[in-house]
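Report on the structure given below.
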Amino acid sequence: MAAAELALLEGTLGLRKGTKYGAQGERQIPVLQTNNGPGLTGLITIAAHLVKQAKKEQLLGSTAEEKAVVQQWLEYRVTRVDRCSSKEDTRTILKDLNTHLEDKVYLVGNSFTLADILMYYGLHHVMVDLTVQEKEKYLNVSRWFNHIQHYPGVRQQLSNVVFIKNRLYTNVP
């Protein structure tokens, strides 16, 4: 999955596609062979490299604090979301995110960052499978996810996840 995500990230960043990614180990950790020097290993490392290659460093955060928080969410993505193995793990992650996003549009500050992109890719398969009731239960995650999936260039060929907005009052004659 990580290789597919990195290919999506290339598209989002406007880089020419066609970079070949390998994978190593039982967890299939992504590897990028560079022209000059050793290969790069790991989703976060390769993603940050692609962002710099595209000259879009603002996606890594503007201030030292934002950069640290972006890094924190990228680590959360790899250590928690990617290792999620049960419904209970999934619920915990959605609950954590829902609380964090209560008063935020993006994961980090007021800006769209690499953390939003990679968290969106990592949660896509989870959000696709949620029921309408679950999406309403995790309303802040649903709002954030829907916003990110409509961000220009992010979703690409991933399926659009539908969020139904219920009307409080219906006109019943």
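Order determines the names: the first chain of the structure tokens is A, the second B, and so forth; residues in each chain are numbered 1 upward, and ligands are numbered 1 upward as they are shown.
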Show me, as a ChimeraX atom specification, the residues that have an atom within 9 Å of Leu6 (chain A) when counting only C-alpha atoms, minus same-chain residues fewer than 3 positions from it. /A:1-3,9-11,21,30,43,46-47,50
Dump as a Markdown table the rows for residues of region 3-116 of chain A within 6 Å of region 132-153 of chain A: closest atom pair and distance in Å with one decimal, only C-alpha atoms counted, ordered by chain and rising residue number.
| residue | atom | partner | partner_atom | distance |
| --- | --- | --- | --- | --- |
| A:Thr12 | CA | A:Gly153 | CA | 4.8 |
| A:Asn98 | CA | A:Val141 | CA | 5.1 |
| A:Leu101 | CA | A:Asn140 | CA | 5.7 |
| A:Glu102 | CA | A:Asn140 | CA | 5.8 |
Quick one: DSSP alpha helix (DSSP H) residues in chain A, as a PyMOL selection string? chain A and resi 2-13+43-53+64-76+87-100+114-129+132-137+139-149
Give me the residues within 12 Å of Asp116 (chain A) as JSON, numbers by chain, counting only C-alpha atoms and dropping any in the same chain fewer than 6 places off. {"A": [9, 59, 60, 61, 69, 70, 71, 72, 73, 74, 76, 77, 97, 101, 104, 105, 106, 107, 108, 109, 110, 122, 123, 124, 141, 144, 145, 146, 147, 148, 149, 151, 154, 155]}
Distance CA of Ile44 (chain A)-CA of Glu75 (chain A), one decimal place? 7.6 Å
Output as a ChimeraX atom specification all residues of chain A that backbone DSSP marks as strand (DSSP E). /A:21-24,29-32,40-41
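Relative to CA of Val128 (chain A), CA of Val162 (chain A) is found at 8.3 Å.
Nearest residue to Gln28 (chain A) among A:Thr113, A:Gln58, A:Asn160, A:Thr41 is A:Thr41, counting only C-alpha atoms.
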